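Peer 1: Shown below is the structure under consideration.
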Amino acid sequence: MMKPLVEFCASNVSSYTQSVLDALENDPDLDVDVLEYGCLGYCGECYMLPFALVNGKLVQAETADELLTKIKNKIREDEEDFPY
């Protein structure tokens with residue numbers, strides 16, 4: 001049984017998404033693997049907006065709070081399609 005995987009880019013974390021990463025790691029209702037990499041190869045997106053990869057799919061938002069909501073929604077959608 002695999003947990004949902006949320007991947008962050010270190011450059012994006014330092015700019016935008018540290019709060020999102022922390023929130024996912026500390027959410028008692030979520031059982032996800034959270035990884036941070038030096039680079040995920042989305043440099044254009046990384047420079048412009050908060051983003052993460054959820055199970056390999058790009059999720060972007062205008063703000064960190066919106067990104068957190070979108071990540072949780074994507075995890076729920078994926079669980080409905082492919083129960084973990």
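FYI, nothing fancy with the structure tokens labels: chains A, B, ... in order, residues from 1 per chain, ligands from 1 as they appear.
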Would you please extract all helix (DSSP H, G or I) residues from chain A, as assigned by DSSP on the backbone, and give them as an MDAnalysis selection string?
Peer 2: chainID A and resid 10:26 43:48 64:81
Peer 1: Which residues, written as an NGL selection string, have at least one atom at most 9 Å from Thr17 in chain A, with only C-alpha atoms counted and residues fewer than 2 positions away on the same chain left out?
Peer 2: :A and (8-10 or 12-15 or 19-22 or 50-52 or 63-65 or 67-68)
Peer 1: Please report, as a PyMOL selection string, each residue of chain A to which DSSP assigns strand (DSSP E) when run on this structure's backbone.
Peer 2: chain A and resi 5-9+33-37+51-54+57-60
Peer 1: Of the candidates A:Tyr16, A:Lys72, A:Lys3, A:Cys43, which one gets nearest to Asp31 in chain A if we count only C-alpha atoms?
Peer 2: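 Residue with the minimum atom-to-atom distance to Asp31 in chain A: A:Lys3.
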Peer 1: In Å to one decimal, how far is CA of Met2 in chain A from CA of Glu66 in chain A?
Peer 2: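 Distance between the two atoms: 25.4 Å.
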